[in-house]
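**Q** Have a look at this one.
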Amino acid sequence: MGTFRHAWRRAVVVVGAGVLAATTIPAAGQAQPASDQPVDEWPATDIFTDTPDVDPSAERDARRLLDGDQFKTTTAAEPAGIVVEDGVTQPAFDYAGAVREAIVLPGATSSQDTGELDEIYVDIIRPAATEDGVKVPTIVVASPYYHSNGRGRLGERKPVPGGPIDQFPLYYDNFFVPRGYAVALLDLAGTRGSTGCLDIGGPAEIDNTVKLIEWLAGDGVAYDLDGNEVAADWSNGLSGMVGKSWDGTVANGVAARGVDGLATIVPIEGISSWYHWYWHNGVHFQGHTALSLANSIQGSNQLPPFSECSDVRSELALGEITADPNHEFWVERDFIKDADKVKASVFVVHGTNDYNVKPINYGEWWDALAENDVPRKIWLSPVAHEKAFDFRRDEWMVTIHRWFDYWLHGIENGIMDEPVADIEHGLGDWGTFDTWPGGSETLLRLGQPENASDPRQGALSLDRRNLSPRTQSFTESRRALNTVVQNGFSDDSRRLVFMTDELTEPVRISGETKMSLRATIDGLDAGLSAYVVDYGTAERTNWTNGGITNLSTISCFGQGTEADTGCYPDVERVTRTLPHEVVARGWASASFLTGESGFDPGESHRLEWDIMTDDYVFEAGHRIGIVIAGVDTNIQSRFNFGSEIDVHLNGSHVHLPVVGGAAALRRALG
């Protein structure tokens with residue numbers, strides 16, 4: 001065996017007092033509040049500052065009420081195999097008596113300047129019956145957050161590496177281990193117990209995680225903390241990856257490697273291309289660069305020293321200045337291009353108002369998976385950076401249980417015969433669809449109001465429209481999103497607003513919108529935004545802080561112990577009533593779109609860019625709006641040039657993904 005370096009690392013990580021404030025790690029492009037004041041920093045994880053802490057004693061009390069006076073333990077012999085009733089695995093194995101162990105995997109890369117292979121630290125919990133020959137699959141959650149920010153709404157962390165393994169963050173262990181699963185929590189390179197350098201979607205993150213999947217499938221080596229080689233002889237060879245945000249991103253990346261043994265992934269608010277987290281059509285989102293994100297996370301983990309990661313840090317610095325998605329830095333971190341290698345099934349979960357991990361991530365990933373006939377399922381809700389455990393908890397627990405049972409235990413429970421998409425439109429109004437997305441590209445033209453009594457600043461229509469005068473103009477200006485779109489009937493020299501007539505019946509869009517302008521630019525460049533907006537008053541999800549808030553009551557899931565109760569606060573949806581709703585967004589740099597470094601006054605240019613994927617229903621009495629303006633405060637200020645922009649209406653249009661196409665929209669417009 002090679003030199004084993006992990007023994008001295010047990011004392012390196014020191015758990016700080018209290019939870020790190022989420023706002024110390026800003027995220028690019030998270031949703032803004034409905035005020036005119038821009039917000040410069042947002043949490044990079046799923047911890048929101050208005051979420052109250054839960055007293056651990058309250059969790060223990062809730063578990064005692066569920067299990068009786070003592071936490072559930074048993075000395076009875078465990079079954080010799082998985083127990084299945086009513087088409088699902090049953091909680092036949094004892095959680096308290098489960099095997100808890102830590103292993104170290106020799107990595108696939110040498111990300112530190114020393115040239116030594118990274119060592120990847122993994123905590124595992126599995127039924128005790130696996131010591132007697134029971135084979136189980138493994139649910140893998142790989143994360144950079146187990147020491148610093150923590151996971152979930154409560155910011156749960158793993159214990160100090162090398163110490164007693166008495167707590168596994170989140171509920172997967174509590175619920176699934178009694179049902180015949182192992183759960184493995186992997187520390188990404190450069191975090192908590194793992195050596196190496198955090199390289200933001202690169203090989204230290206993805207290829208090192210592949211090593212765990214291979215080991216669980218019977219290929220590769222691992223060691224216990226004393227340096228003894230250990231085998232996963234308890235594994236049935238199959239694993240599934242699940243996780244929210246960065247954790248789900250790793251799942252996408254590992255699946256894109258085409259590794260054997262990975263049967264399914266469940267990316268929840270996961271990135272599919274890291275370019276999409278930082279850039280969109282040549283504009284850089286406000287917040288982190290690749291280097292500053294690595295600095296924040298790795299620095300909060302207190303390891304390794306930045307001086308040992310100079311090569312990785314030099315590479316990450318390219319992320320701030322490289323707007324070209326075809327640059328090798330971004331290509332290496334683009335998992336979409338490798339969708340043809342995916343062997344695992346994919347269950348996508350995303351918030352349509354998540355502009356931290358923006359909708360383009362699930363939209364383009366889904367399209368690529370569909371092109372390659374990957375077995376898949378999708379849930380969409382009008383929340384921001386939230387998980388299904390919080391926005392649809394009861395249905396989620398049933399569905400993820402059946403999903404893992406089917407793909408990891410091979411139980412024929414009919415889940416793949418059900419509709420492929422569950423979409424929430426109104427508050428709690430879920431619909432199921434056999435195909436997704438469901439929209440047909442429908443061309444709407446930009447024009448002038450029909451007459452003096454028409455209250456609109458601009459008209460959006462299927463057919464002929466008023467083109468007199470033939471242009472509309474605005475001054476590029478960087479402003480808060482809500483300021484740009486509110487009061488859509490009011491004249492504003494720093495935006496253009498085009499609306500349909502009032503709808504006489506609901507209209508659903510499903511898919512990506514495409515903006516196409518013929519315009520002249522008086523200036524060196526222009527940062528552009530285009531928004532699909534619902535102009536009509538309604539009560540909707542208030543996604544500005546995620547869309548979910550904790551309640552004072554607590555519920556428990558699966559089995560628990562004194563240290564790991566499996567109990568979590570109940571939640572509810574946060575709503576608001578406004579006269580408009582921003583449905584979908586898209587940004588672009590004019591120079592990026594045209595390939596030109598400057599613009600001559602009076603010369604017209606074709607500017608075409610995408611507005612990100614969404615699935616939304618405009619109700620009767622509302623109007624569909626398209627707003628065109630300079631960049632909002634989700635975009636860095638360096639992309640605000642103050643240019644004068646003339647939009648030529650003849651030749652300017654938008655392609656909207658209307659379900660039922662032009663015929664459905666024409667019917668709704670009377």
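Please note that chains go A, B, ... in the order of the structure tokens, that every chain numbers its residues from 1, and that ligands are numbered from 1 in the order shown.
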Could you give me, as CSV, every stretch 617-654 of chain A residue with an atom at most 12 Å from stretch 579-591 of chain A, plus its closest atom pair and distance in Å to one decimal, counting only C-alpha atoms, rows ordered by chain then number?
**A**
residue,atom,partner,partner_atom,distance
A:Val617,CA,A:Val583,CA,9.6
A:Phe618,CA,A:Val583,CA,9.7
A:Glu619,CA,A:His580,CA,11.9
A:Gly621,CA,A:Pro579,CA,11.8
A:His622,CA,A:His580,CA,9.2
A:Arg623,CA,A:His580,CA,9.5
A:Ile624,CA,A:Val583,CA,9.8
A:Gly625,CA,A:Val582,CA,9.3
A:Ile626,CA,A:Val582,CA,9.8
A:Val627,CA,A:Arg585,CA,9.6
A:Ile628,CA,A:Trp587,CA,9.8
A:Ala629,CA,A:Trp587,CA,9.6
A:Gly630,CA,A:Trp587,CA,8.8
A:Val631,CA,A:Trp587,CA,7.0
A:Asp632,CA,A:Trp587,CA,8.9
A:Thr633,CA,A:Trp587,CA,11.4
A:Asn634,CA,A:Trp587,CA,9.8
A:Ile635,CA,A:Trp587,CA,8.5
A:Gln636,CA,A:Trp587,CA,11.6
A:Arg638,CA,A:Ser589,CA,11.0
A:Phe639,CA,A:Ser589,CA,7.5
A:Asn640,CA,A:Ser589,CA,9.6
A:Phe641,CA,A:Ser589,CA,10.3
A:Ser643,CA,A:Ala590,CA,10.8
A:Ile645,CA,A:Ala590,CA,10.7
**Q** Identify, on the basis of only C-alpha atoms, every residue whose closest approach to A:Gln167 does not exceed 7 Å; exclude the query and any residue fewer than 5 positions from it along the same chain; express the result as a PyMOL selection string.
**A** chain A and resi 158-159+563-564
**Q** Output N, CA and C atoms of each residue in that selection to a file, as a PDB file, in the first residue's frame.
**A**
ATOM      1  N   LYS A 158     -21.329  17.182   9.452  1.00  0.00           N
ATOM      2  CA  LYS A 158     -20.804  15.907   9.934  1.00  0.00           C
ATOM      3  C   LYS A 158     -19.880  16.159  11.126  1.00  0.00           C
ATOM      4  N   PRO A 159     -19.681  15.147  11.969  1.00  0.00           N
ATOM      5  CA  PRO A 159     -18.750  15.296  13.096  1.00  0.00           C
ATOM      6  C   PRO A 159     -17.316  15.481  12.606  1.00  0.00           C
ATOM      7  N   ALA A 563     -28.401  11.487  18.992  1.00  0.00           N
ATOM      8  CA  ALA A 563     -27.547  12.426  18.261  1.00  0.00           C
ATOM      9  C   ALA A 563     -28.075  12.745  16.875  1.00  0.00           C
ATOM     10  N   ASP A 564     -28.821  11.831  16.288  1.00  0.00           N
ATOM     11  CA  ASP A 564     -29.306  12.007  14.909  1.00  0.00           C
ATOM     12  C   ASP A 564     -30.781  11.621  14.880  1.00  0.00           C
TER      13      ASP A 564
END
**Q** Write out as number ranges by chain each polymer residue whose atoms come within 8 Å of stretch 241-255 of chain A, counting only C-alpha atoms; drop sequence neighbours fewer than 2 positions from it.
**A** A: 45-46, 139-144, 201, 205-207, 209-210, 239, 257-259, 262, 264-272, 335, 341-344, 357, 385, 387
**Q** May I have the residues within 7 Å of A:Asn466 as a ChimeraX atom specification, using only C-alpha atoms and disregarding those fewer than 3 positions away in the same chain?
**A** /A:447-450
**Q** Could you please determine the separation between atom CA of A:Ser296 and atom CA of A:Leu186 in Å, to one decimal place?
**A**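 Value for the atom CA of A:Ser296-atom CA of A:Leu186 distance: 19.2 Å.
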**Q** Taking only C-alpha atoms into account, which of A:Phe285, A:Tyr275, A:Trp365, A:Tyr223 comes nearest A:His327?
**A** A:Tyr275
**Q** So which one's closest to A:Ile378, A:Ile423, A:Ala217, A:Leu238, A:Met416? Using only C-alpha atoms, please.
**A**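 The shortest atom-to-atom distance to A:Ile378 comes from A:Ile423.
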**Q** Assign secondary structure with DSSP using the backbone only, and return the residues of stretch 224-413 of chain A in alpha helix (DSSP H) as a count of residues only.
**A** 73
**Q** Rounded to one decimal place, report the atom CA of A:Leu467-atom CA of A:Leu665 distance in Å.
**A** 21.6 Å
**Q** Taking 6 positions as the minimum chain separation for residues in the same chain, which residues sit within 10 Å of A:Val183 when counting only C-alpha atoms? Answer as a ChimeraX atom specification.
**A** /A:100,123-127,136-141,168,172-174,176-177,239-241
**Q** So that I have them on file, write out the residues from the current selection with N, CA and C atoms, as an mmCIF file, in the first residue's frame.
**A**
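Writing the result to out-v6.cif gives the following:
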data_model
loop_
_atom_site.group_PDB
_atom_site.id
_atom_site.type_symbol
_atom_site.label_atom_id
_atom_site.label_comp_id
_atom_site.auth_asym_id
_atom_site.auth_seq_id
_atom_site.Cartn_x
_atom_site.Cartn_y
_atom_site.Cartn_z
ATOM 1 N N ARG A 100 -21.449 2.018 11.257
ATOM 2 C CA ARG A 100 -20.989 3.354 10.888
ATOM 3 C C ARG A 100 -19.475 3.305 10.738
ATOM 4 N N ASP A 123 -17.920 9.036 4.852
ATOM 5 C CA ASP A 123 -18.606 8.426 5.993
ATOM 6 C C ASP A 123 -19.746 7.560 5.474
ATOM 7 N N ILE A 124 -19.853 6.356 5.994
ATOM 8 C CA ILE A 124 -20.840 5.381 5.511
ATOM 9 C C ILE A 124 -21.646 4.840 6.678
ATOM 10 N N ILE A 125 -22.935 4.661 6.465
ATOM 11 C CA ILE A 125 -23.804 3.968 7.405
ATOM 12 C C ILE A 125 -24.571 2.912 6.622
ATOM 13 N N ARG A 126 -24.654 1.691 7.184
ATOM 14 C CA ARG A 126 -25.309 0.578 6.490
ATOM 15 C C ARG A 126 -25.900 -0.374 7.520
ATOM 16 N N PRO A 127 -26.917 -1.137 7.130
ATOM 17 C CA PRO A 127 -27.537 -2.062 8.078
ATOM 18 C C PRO A 127 -26.524 -3.054 8.648
ATOM 19 N N VAL A 136 -26.689 -4.569 -0.105
ATOM 20 C CA VAL A 136 -27.545 -3.389 -0.227
ATOM 21 C C VAL A 136 -26.929 -2.400 -1.212
ATOM 22 N N PRO A 137 -27.765 -1.580 -1.839
ATOM 23 C CA PRO A 137 -27.252 -0.489 -2.672
ATOM 24 C C PRO A 137 -26.900 0.709 -1.792
ATOM 25 N N THR A 138 -26.284 1.718 -2.401
ATOM 26 C CA THR A 138 -25.814 2.877 -1.639
ATOM 27 C C THR A 138 -26.341 4.172 -2.230
ATOM 28 N N ILE A 139 -26.855 5.022 -1.364
ATOM 29 C CA ILE A 139 -27.240 6.383 -1.725
ATOM 30 C C ILE A 139 -26.066 7.290 -1.380
ATOM 31 N N VAL A 140 -25.528 7.981 -2.378
ATOM 32 C CA VAL A 140 -24.322 8.786 -2.225
ATOM 33 C C VAL A 140 -24.682 10.270 -2.277
ATOM 34 N N VAL A 141 -24.192 11.029 -1.308
ATOM 35 C CA VAL A 141 -24.341 12.487 -1.314
ATOM 36 C C VAL A 141 -22.946 13.084 -1.174
ATOM 37 N N PHE A 168 -25.375 11.899 10.700
ATOM 38 C CA PHE A 168 -25.323 12.019 9.249
ATOM 39 C C PHE A 168 -26.317 13.106 8.852
ATOM 40 N N TYR A 172 -31.743 11.103 4.689
ATOM 41 C CA TYR A 172 -31.602 9.908 3.856
ATOM 42 C C TYR A 172 -31.197 8.695 4.687
ATOM 43 N N ASP A 173 -30.293 8.900 5.659
ATOM 44 C CA ASP A 173 -29.864 7.777 6.498
ATOM 45 C C ASP A 173 -30.996 7.287 7.387
ATOM 46 N N ASN A 174 -31.718 8.220 8.022
ATOM 47 C CA ASN A 174 -32.801 7.832 8.934
ATOM 48 C C ASN A 174 -33.890 7.043 8.227
ATOM 49 N N PHE A 176 -33.752 5.631 4.861
ATOM 50 C CA PHE A 176 -33.419 4.559 3.925
ATOM 51 C C PHE A 176 -32.596 3.427 4.535
ATOM 52 N N VAL A 177 -31.751 3.686 5.528
ATOM 53 C CA VAL A 177 -30.965 2.595 6.108
ATOM 54 C C VAL A 177 -31.879 1.513 6.691
ATOM 55 N N SER A 239 -25.366 2.064 -7.034
ATOM 56 C CA SER A 239 -25.442 3.275 -6.228
ATOM 57 C C SER A 239 -26.292 4.313 -6.940
ATOM 58 N N GLY A 240 -26.817 5.230 -6.147
ATOM 59 C CA GLY A 240 -27.560 6.371 -6.667
ATOM 60 C C GLY A 240 -27.040 7.616 -5.990
ATOM 61 N N MET A 241 -26.974 8.707 -6.730
ATOM 62 C CA MET A 241 -26.516 9.968 -6.159
ATOM 63 C C MET A 241 -27.683 10.944 -6.069
#
**Q** Give me the residues within 8 Å of A:Gln298 as a list in words, counting only C-alpha atoms and dropping any in the same chain fewer than 3 places off.
**A** Gly190, Thr191, Cys197, Leu198, Ala294, Asn295, Asn301, Gln302, Leu303 and Pro304 of chain A
**Q** May I have the residues within 7 Å of stretch 106-115 of chain A as a list in words, using only C-alpha atoms and disregarding those fewer than 6 positions away in the same chain?
**A**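 Listing them by chain and then by number gives Gly196, Cys197, Pro203, Ala204, Asp207, Asn208, Lys211, Ala222, Glu308, Cys309, Ser310, Asp311 and Val312 of chain A.
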**Q** Quick one: of A:Leu462, A:Val104, A:Val346, A:Ile509, who's nearest to A:Gly438, counting only C-alpha atoms?
**A** A:Ile509
**Q** Restricting the calculation to only C-alpha atoms, which member of A:Pro569, A:Gly426, A:Gly319, A:Gly547 is positioned closest to A:Ile200?
**A**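 Nearest to A:Ile200: A:Gly319.
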**Q** When DSSP is applied to the backbone of this structure, which of stretch 468-633 of chain A are assigned strand (DSSP E or B)? Write them out as a PyMOL selection string.
**A** chain A and resi 471-475+479+495-499+507-522+527-541+548-556+567-573+575-589+604-618+623-630+632
**Q** With distances taken over only C-alpha atoms, which of A:Tyr181, A:Trp330, A:Tyr568, A:Phe93 is nearest to A:Pro79?
**A**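 Checking each of A:Tyr181, A:Trp330, A:Tyr568, A:Phe93 against A:Pro79, counting only C-alpha atoms, the winner is A:Phe93.
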**Q** With distances taken over only C-alpha atoms, which residue among A:Gly660, A:Pro91, A:Gly180, A:Gly193 lies nearest A:Leu105?
**A**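 Counting only C-alpha atoms, the residue closest to A:Leu105 is A:Gly193.
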